[in-house]
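Here is the structure we will look at, set down as structure tokens.
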Amino acid sequence: MVKSIPCIMMRGGTSKGVYFLKSDLPENDSERDQLLLQVMGSPDERQINGLGGANPLTSKVAIVGKSVLPNVDIDYLFAQVVVDQPLVGYGQNCGNILAGVGQFAIEKGLVLADDPETDVVIHMVNSGDNAIATIQTPGGKVSYDGQAEIDGVPGKAAPVRLNFLDTAGAICGSLLPTGNTIDIIDGYEVTCIDNGMPIVVLRAIDFNIDGTETIAELESNKKLKTSIEKVRLKAGKLMNLGDVTEKTIPKMTLISNPENGGMVSTRSFIPHRCHSTIGVFAAVSVATACLIPGTPASKIANIPNGDNTMVIEHPSGGMDVVMEIETKNDDINIKRSGFLRTARKLFEGEVFITEQEL
């Protein structure tokens with residue numbers, strides 16, 4: 001028997017995903033996960049039998065509902081549907097997919113739009129933190145047209161300003177979950193950090209690469225990927241994440257000297273494929289690591305003077321991150337973090353599900 005479920009497919013930042021109303025999905029977690037796997041066509045490297053794009057960046061889901069929390073508009077649960085395994089991960093936020101959540105909520109009638117902009121307060125269920133998305137709504141209607149540009153996405157679109165409240169330790173419980181600015185894992189100096197996304201920051205040069213390699217070169221470097229995965233599995237336990245063998249966190253970010261005037265250059269594994277850009281929260285976490293004295297990242301970073309906007313370079317260009325932190329003795333106070341993204345509505349309709357496969 002075949003049934004259909006309403007959905008919107010949207011590009012959010014440098015990712016693409018399927019957006020659902022929570023009320024349209026099964027309440028049972030296991031049933032929901034089986035449905036999402038079928039929606040995306042996983043497990044299959046091509047995802048030929050679903051809506052996924054055969055890449056982690058295009059195999060994402062947003063589940064959105066009206067929030068009952070005070071001073072919050074909507075709840076947003078992010079799901080990472082693994083391409084080639086029957087796994088659905090909820091252990092992380094996704095700031096790129098977040099960039100389309102406010103528009104979706106307005107279009108679905110969960111939030112009333114103002115003119116010319118609408119602030120949508122979003123509770124990120126994965127971490128328990130809140131974000132404020134400023135959506136362009138001239139005349140009280142969502143507009144996707146504008147002049148904003150972001151690296152990794154062709155064309156221009158309406159800007160989406162995202163600001164975050166209390167993301168430090170969102171997943172791991174503390175900004176530096178090991179309690180150290182530097183940990184030694186398998187002989188490598190690393191920083192384990194969580195400012196919205198648990199990541200392990202490593203120096204590219206320590207892995208005998210210079211950090212300017214193409215995605216294809218890094219994907220084909222089996223020795224590099226094996227070494228990084230060994231570090232990741234050990235770091236996961238140190239970061240209060242337990243056995244991360246089948247988890248999509250922590251992400252692994254290799255850093256090197258900036259090439260184009262940015263703060264630092266990055267190559268990220270998410271965790272087994274090389275990212276064509278860098279995740280939004282990963283960029284915030286990298287920027288934070290650069291600003292903490294004594295980390296390997298701080299020794300490489302080109303920290304701007306008198307400007308809180310920092311460019312995190314990646315294979316497709318750079319991502320602007322607005323950061324302001326205070327460090328006093330061993331105390332680190334993150335006063336501000338945010339960034340700008342864009343989004344585009346691609347499709348609205350129904351996805352068809354074969355019920356006997358659920």
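By convention here, the chains of the structure tokens are called A, B, ... in the order presented, each chain's residues are numbered starting at 1, and ligands are numbered starting at 1 in the order presented.
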
So that each row is one residue of segment 27-133 of chain A with an atom at most 12 Å from segment 142-150 of chain A, can you give its shortest atom pair and the distance in Å to one decimal, using only C-alpha atoms, rows by chain and rising number, as CSV?
```
residue,atom,partner,partner_atom,distance
A:Asn96,CA,A:Ile150,CA,11.4
A:Ala99,CA,A:Tyr144,CA,11.5
A:Gly100,CA,A:Tyr144,CA,10.0
A:Val101,CA,A:Val142,CA,11.8
A:Gly102,CA,A:Val142,CA,9.3
A:Gln103,CA,A:Val142,CA,6.3
A:Phe104,CA,A:Val142,CA,9.0
A:Ala105,CA,A:Val142,CA,10.2
A:Ile106,CA,A:Val142,CA,7.3
A:Glu107,CA,A:Val142,CA,7.3
A:Lys108,CA,A:Val142,CA,11.0
A:Gly109,CA,A:Val142,CA,11.5
A:Val111,CA,A:Val142,CA,11.2
A:Leu112,CA,A:Val142,CA,10.6
A:Ala113,CA,A:Val142,CA,7.9
A:Asp114,CA,A:Val142,CA,9.7
A:Asp115,CA,A:Val142,CA,9.8
A:Pro116,CA,A:Val142,CA,9.4
A:Glu117,CA,A:Val142,CA,8.9
A:Thr118,CA,A:Val142,CA,9.1
A:Asp119,CA,A:Val142,CA,12.0
```

Could you save those same residues with N, CA and C atoms as a JSON list (two decimals), in the first residue's frame?
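Saved result, out_6.json, follows:
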```
[["chain", "number", "residue", "atom", "x", "y", "z"],
["A", 96, "ASN", "N", 23.03, 24.85, 8.34],
["A", 96, "ASN", "CA", 22.62, 25.10, 6.97],
["A", 96, "ASN", "C", 21.14, 24.82, 6.78],
["A", 99, "ALA", "N", 18.77, 27.29, 8.10],
["A", 99, "ALA", "CA", 18.52, 28.52, 7.33],
["A", 99, "ALA", "C", 17.19, 28.50, 6.58],
["A", 100, "GLY", "N", 16.59, 27.33, 6.40],
["A", 100, "GLY", "CA", 15.29, 27.25, 5.73],
["A", 100, "GLY", "C", 14.13, 27.00, 6.65],
["A", 101, "VAL", "N", 14.40, 26.80, 7.94],
["A", 101, "VAL", "CA", 13.35, 26.41, 8.88],
["A", 101, "VAL", "C", 12.35, 27.54, 9.12],
["A", 102, "GLY", "N", 12.84, 28.78, 9.23],
["A", 102, "GLY", "CA", 11.94, 29.90, 9.47],
["A", 102, "GLY", "C", 10.96, 30.10, 8.33],
["A", 103, "GLN", "N", 11.44, 30.03, 7.10],
["A", 103, "GLN", "CA", 10.57, 30.18, 5.92],
["A", 103, "GLN", "C", 9.52, 29.08, 5.89],
["A", 104, "PHE", "N", 9.96, 27.85, 6.15],
["A", 104, "PHE", "CA", 9.04, 26.71, 6.18],
["A", 104, "PHE", "C", 7.94, 26.93, 7.21],
["A", 105, "ALA", "N", 8.33, 27.38, 8.40],
["A", 105, "ALA", "CA", 7.36, 27.58, 9.47],
["A", 105, "ALA", "C", 6.34, 28.65, 9.11],
["A", 106, "ILE", "N", 6.79, 29.71, 8.47],
["A", 106, "ILE", "CA", 5.87, 30.77, 8.05],
["A", 106, "ILE", "C", 4.92, 30.27, 6.97],
["A", 107, "GLU", "N", 5.47, 29.57, 5.98],
["A", 107, "GLU", "CA", 4.65, 29.08, 4.88],
["A", 107, "GLU", "C", 3.63, 28.05, 5.34],
["A", 108, "LYS", "N", 3.96, 27.31, 6.39],
["A", 108, "LYS", "CA", 3.04, 26.29, 6.90],
["A", 108, "LYS", "C", 2.09, 26.85, 7.97],
["A", 109, "GLY", "N", 2.16, 28.15, 8.23],
["A", 109, "GLY", "CA", 1.23, 28.78, 9.15],
["A", 109, "GLY", "C", 1.57, 28.61, 10.61],
["A", 111, "VAL", "N", 4.00, 30.31, 12.10],
["A", 111, "VAL", "CA", 4.44, 31.63, 12.56],
["A", 111, "VAL", "C", 3.80, 32.69, 11.65],
["A", 112, "LEU", "N", 3.28, 33.77, 12.26],
["A", 112, "LEU", "CA", 2.72, 34.87, 11.50],
["A", 112, "LEU", "C", 3.84, 35.82, 11.08],
["A", 113, "ALA", "N", 3.82, 36.23, 9.82],
["A", 113, "ALA", "CA", 4.89, 37.06, 9.29],
["A", 113, "ALA", "C", 4.63, 38.54, 9.55],
["A", 114, "ASP", "N", 5.72, 39.27, 9.79],
["A", 114, "ASP", "CA", 5.67, 40.72, 9.89],
["A", 114, "ASP", "C", 6.12, 41.32, 8.56],
["A", 115, "ASP", "N", 6.18, 42.63, 8.50],
["A", 115, "ASP", "CA", 6.63, 43.34, 7.31],
["A", 115, "ASP", "C", 7.66, 44.39, 7.74],
["A", 116, "PRO", "N", 8.90, 44.40, 7.22],
["A", 116, "PRO", "CA", 9.41, 43.62, 6.07],
["A", 116, "PRO", "C", 10.21, 42.39, 6.48],
["A", 117, "GLU", "N", 10.46, 42.21, 7.78],
["A", 117, "GLU", "CA", 11.23, 41.07, 8.26],
["A", 117, "GLU", "C", 10.49, 40.40, 9.40],
["A", 118, "THR", "N", 10.80, 39.12, 9.59],
["A", 118, "THR", "CA", 10.21, 38.37, 10.69],
["A", 118, "THR", "C", 11.29, 37.63, 11.44],
["A", 119, "ASP", "N", 11.36, 37.87, 12.75],
["A", 119, "ASP", "CA", 12.27, 37.11, 13.60],
["A", 119, "ASP", "C", 11.55, 35.85, 14.08]]
```

Exercise. Would you give me, as a count of residues only, the residues in segment 124-296 of chain A that DSSP reads as strand (DSSP E)?
Worked result: 44

For this session: Using DSSP on the backbone coordinates, identify all residues within segment 2-200 of chain A classified as helix (DSSP H, G or I); present the result as a VMD selection string.
Result: chain A and resid 22 to 24 29 to 40 56 to 58 95 to 98 101 to 107 138 to 140

For this session: For segment 284-289 of chain A, list every protein, DNA or RNA residue within 8 Å, evaluated using only C-alpha atoms, and leave out those in the same chain fewer than 3 positions away; present the list as a VMD selection string.
Result: chain A and resid 191 193 to 199 201 263 280 to 281 292 295 297 to 298 310 312 321 323 325 337 to 338

Problem set entry | Nearest-residue call for Asp84 of chain A, choices A:His272, A:Cys172, A:Lys22, A:Gln136, using only C-alpha atoms |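 With only C-alpha atoms as the atom set, the closest residue is A:His272.
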
Problem set entry | Counting only C-alpha atoms, the option among A:Ile185, A:Cys192, A:Cys274, A:Val88 closest to Ser220 of chain A |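 Closest to Ser220 of chain A, using only C-alpha atoms: A:Cys274.
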
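Restricting the calculation to only C-alpha atoms, the smallest distance between Glu229 of chain A and any of A:Ile215, A:Val81, A:Ile270, A:Ile63 is found for A:Ile270.
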
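The closest residue to Lys335 of chain A, picked from A:Lys223, A:Val61, A:Thr277, A:Asn308 and counting only C-alpha atoms, is A:Asn308.
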
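For the atom pair formed by atom CA of Leu291 of chain A and atom CA of Lys237 of chain A, the distance is 24.7 Å, given to one decimal.
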
Exercise. Mind pulling up the distance from atom CA of Val190 of chain A to atom CA of Gly89 of chain A?
Worked result: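 Straight-line distance from atom CA of Gly89 of chain A to atom CA of Val190 of chain A works out to 24.7 Å.
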
Would you pick out the contacts of Asn130 of chain A at 9 Å or less, using only C-alpha atoms, so that residues sharing its chain but fewer than 3 positions from it are not included, and give the list as a PDB file with N, CA and C atoms, in the first residue's frame?
```pdb
ATOM      1  N   VAL A  72       9.420  30.963  22.559  1.00  0.00           N
ATOM      2  CA  VAL A  72       9.951  30.209  21.421  1.00  0.00           C
ATOM      3  C   VAL A  72       8.817  29.964  20.439  1.00  0.00           C
ATOM      4  N   VAL A 121      12.009  32.593  16.459  1.00  0.00           N
ATOM      5  CA  VAL A 121      12.803  31.983  17.531  1.00  0.00           C
ATOM      6  C   VAL A 121      12.643  30.468  17.423  1.00  0.00           C
ATOM      7  N   ILE A 122      13.772  29.792  17.232  1.00  0.00           N
ATOM      8  CA  ILE A 122      13.762  28.370  16.918  1.00  0.00           C
ATOM      9  C   ILE A 122      14.469  27.592  18.022  1.00  0.00           C
ATOM     10  N   HIS A 123      13.778  26.606  18.558  1.00  0.00           N
ATOM     11  CA  HIS A 123      14.392  25.708  19.533  1.00  0.00           C
ATOM     12  C   HIS A 123      14.997  24.534  18.779  1.00  0.00           C
ATOM     13  N   MET A 124      16.319  24.374  18.867  1.00  0.00           N
ATOM     14  CA  MET A 124      17.008  23.278  18.193  1.00  0.00           C
ATOM     15  C   MET A 124      16.978  22.059  19.106  1.00  0.00           C
ATOM     16  N   VAL A 125      16.066  21.147  18.796  1.00  0.00           N
ATOM     17  CA  VAL A 125      15.776  20.021  19.683  1.00  0.00           C
ATOM     18  C   VAL A 125      17.010  19.151  19.893  1.00  0.00           C
ATOM     19  N   SER A 127      20.076  19.815  20.367  1.00  0.00           N
ATOM     20  CA  SER A 127      20.995  20.289  21.405  1.00  0.00           C
ATOM     21  C   SER A 127      20.297  20.961  22.578  1.00  0.00           C
ATOM     22  N   ASN A 163      21.419  34.053  14.538  1.00  0.00           N
ATOM     23  CA  ASN A 163      22.151  34.345  15.760  1.00  0.00           C
ATOM     24  C   ASN A 163      21.819  33.281  16.801  1.00  0.00           C
ATOM     25  N   PHE A 164      22.836  32.937  17.593  1.00  0.00           N
ATOM     26  CA  PHE A 164      22.698  31.800  18.495  1.00  0.00           C
ATOM     27  C   PHE A 164      22.846  32.204  19.943  1.00  0.00           C
ATOM     28  N   LEU A 165      22.109  31.503  20.769  1.00  0.00           N
ATOM     29  CA  LEU A 165      22.098  31.761  22.198  1.00  0.00           C
ATOM     30  C   LEU A 165      22.613  30.522  22.929  1.00  0.00           C
ATOM     31  N   ASP A 166      23.720  30.666  23.619  1.00  0.00           N
ATOM     32  CA  ASP A 166      24.217  29.606  24.511  1.00  0.00           C
ATOM     33  C   ASP A 166      24.462  28.273  23.799  1.00  0.00           C
ATOM     34  N   THR A 167      25.269  28.303  22.718  1.00  0.00           N
ATOM     35  CA  THR A 167      25.564  27.050  22.017  1.00  0.00           C
ATOM     36  C   THR A 167      26.790  26.330  22.563  1.00  0.00           C
TER      37      THR A 167
END
```

Exercise. Which one is closest to Asn240 of chain A: A:Ile171, A:Val264, A:Leu69, A:Val2? Count only C-alpha atoms.
Worked result: A:Ile171

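Nearest residue to Met40 of chain A, choosing from A:Val120, A:Ala62, A:Pro6, A:Val82 and counting only C-alpha atoms: A:Val82.
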
For this session: Please provide the set of residues having any atom within 12 Å of Pro293 of chain A, restricted to only C-alpha atoms, with same-chain residues fewer than 6 positions apart removed, written as a PyMOL selection string.
Result: chain A and resi 180-182+191+299-301+303+325-332

Once you have the residues from the selection above, write them out as a short mmCIF file (atom, residue, chain, number, x, y, z; two decimals), in the first residue's frame, restricted to all heavy atoms.
```cif
data_model
loop_
_atom_site.label_atom_id
_atom_site.label_comp_id
_atom_site.auth_asym_id
_atom_site.auth_seq_id
_atom_site.Cartn_x
_atom_site.Cartn_y
_atom_site.Cartn_z
N ASN A 180 40.54 20.23 28.36
CA ASN A 180 41.85 20.67 27.90
C ASN A 180 41.76 21.48 26.62
O ASN A 180 40.88 21.23 25.78
CB ASN A 180 42.76 19.46 27.64
CG ASN A 180 42.86 18.54 28.83
OD1 ASN A 180 43.05 18.99 29.95
ND2 ASN A 180 42.73 17.24 28.59
N THR A 181 42.67 22.42 26.45
CA THR A 181 42.77 23.11 25.16
C THR A 181 43.53 22.27 24.14
O THR A 181 43.33 22.43 22.94
CB THR A 181 43.47 24.48 25.31
OG1 THR A 181 44.76 24.27 25.92
CG2 THR A 181 42.65 25.42 26.18
N ILE A 182 44.38 21.39 24.64
CA ILE A 182 45.12 20.48 23.78
C ILE A 182 45.06 19.08 24.37
O ILE A 182 45.30 18.88 25.56
CB ILE A 182 46.61 20.89 23.64
CG1 ILE A 182 46.75 22.27 23.00
CG2 ILE A 182 47.36 19.86 22.79
CD1 ILE A 182 48.19 22.75 22.90
N THR A 191 42.47 19.72 19.37
CA THR A 191 41.55 20.40 20.27
C THR A 191 40.16 19.83 20.06
O THR A 191 39.64 19.85 18.93
CB THR A 191 41.53 21.92 20.02
OG1 THR A 191 42.82 22.46 20.32
CG2 THR A 191 40.50 22.60 20.92
N LYS A 299 47.65 29.11 17.01
CA LYS A 299 49.02 29.34 16.54
C LYS A 299 49.09 29.49 15.02
O LYS A 299 50.08 29.99 14.49
CB LYS A 299 49.91 28.21 17.01
CG LYS A 299 49.97 28.07 18.54
CD LYS A 299 50.69 26.82 18.98
CE LYS A 299 50.63 26.65 20.49
NZ LYS A 299 51.27 25.39 20.96
N ILE A 300 48.04 29.05 14.34
CA ILE A 300 47.98 29.14 12.88
C ILE A 300 47.14 30.33 12.43
O ILE A 300 47.43 30.97 11.43
CB ILE A 300 47.40 27.84 12.29
CG1 ILE A 300 48.39 26.68 12.47
CG2 ILE A 300 47.04 28.01 10.81
CD1 ILE A 300 47.86 25.35 12.00
N ALA A 301 46.10 30.63 13.19
CA ALA A 301 45.06 31.56 12.76
C ALA A 301 45.57 32.98 12.55
O ALA A 301 46.42 33.48 13.29
CB ALA A 301 43.93 31.57 13.78
N ILE A 303 44.16 36.17 13.14
CA ILE A 303 43.04 36.74 13.88
C ILE A 303 42.91 38.22 13.54
O ILE A 303 43.86 38.99 13.71
CB ILE A 303 43.23 36.55 15.39
CG1 ILE A 303 43.29 35.05 15.71
CG2 ILE A 303 42.10 37.22 16.17
CD1 ILE A 303 43.61 34.73 17.15
N ILE A 325 34.44 36.60 21.93
CA ILE A 325 34.62 35.85 23.17
C ILE A 325 35.55 36.61 24.11
O ILE A 325 36.33 37.46 23.68
CB ILE A 325 35.17 34.43 22.92
CG1 ILE A 325 36.67 34.47 22.55
CG2 ILE A 325 34.38 33.70 21.87
CD1 ILE A 325 37.30 33.10 22.50
N GLU A 326 35.42 36.31 25.37
CA GLU A 326 36.30 36.85 26.40
C GLU A 326 37.02 35.69 27.07
O GLU A 326 36.41 34.67 27.40
CB GLU A 326 35.51 37.62 27.46
CG GLU A 326 34.99 38.97 27.00
CD GLU A 326 34.24 39.69 28.12
OE1 GLU A 326 33.81 39.01 29.08
OE2 GLU A 326 34.07 40.91 28.02
N THR A 327 38.32 35.83 27.25
CA THR A 327 39.09 34.82 27.98
C THR A 327 39.76 35.49 29.17
O THR A 327 40.43 36.51 29.03
CB THR A 327 40.15 34.16 27.09
OG1 THR A 327 41.02 35.17 26.56
CG2 THR A 327 39.50 33.40 25.95
N LYS A 328 39.55 34.94 30.35
CA LYS A 328 40.14 35.47 31.56
C LYS A 328 40.59 34.29 32.40
O LYS A 328 39.76 33.49 32.84
CB LYS A 328 39.14 36.33 32.34
CG LYS A 328 39.75 37.03 33.54
CD LYS A 328 38.73 37.95 34.21
CE LYS A 328 39.34 38.68 35.39
NZ LYS A 328 38.36 39.57 36.05
N ASN A 329 41.91 34.19 32.58
CA ASN A 329 42.49 33.03 33.23
C ASN A 329 42.06 31.78 32.45
O ASN A 329 42.33 31.68 31.27
CB ASN A 329 42.08 32.97 34.70
CG ASN A 329 42.59 34.18 35.48
OD1 ASN A 329 43.66 34.70 35.21
ND2 ASN A 329 41.79 34.63 36.45
N ASP A 330 41.38 30.85 33.09
CA ASP A 330 40.93 29.65 32.39
C ASP A 330 39.47 29.74 31.98
O ASP A 330 38.90 28.77 31.46
CB ASP A 330 41.14 28.41 33.27
CG ASP A 330 42.61 28.12 33.49
OD1 ASP A 330 43.41 28.43 32.60
OD2 ASP A 330 42.95 27.58 34.57
N ASP A 331 38.83 30.88 32.22
CA ASP A 331 37.42 31.04 31.90
C ASP A 331 37.26 31.59 30.49
O ASP A 331 37.92 32.54 30.08
CB ASP A 331 36.74 31.97 32.89
CG ASP A 331 36.70 31.38 34.30
OD1 ASP A 331 36.63 30.14 34.40
OD2 ASP A 331 36.76 32.16 35.26
N ILE A 332 36.35 30.98 29.73
CA ILE A 332 36.05 31.41 28.36
C ILE A 332 34.58 31.77 28.29
O ILE A 332 33.70 30.94 28.56
CB ILE A 332 36.37 30.30 27.35
CG1 ILE A 332 37.84 29.88 27.47
CG2 ILE A 332 36.06 30.75 25.93
CD1 ILE A 332 38.16 28.59 26.76
#
```

Exercise. Quick one: distance from atom CA of Lys156 of chain A to atom CA of Asp320 of chain A in Å, one decimal?
Worked result: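 That distance, rounded to one decimal, is 16.1 Å.
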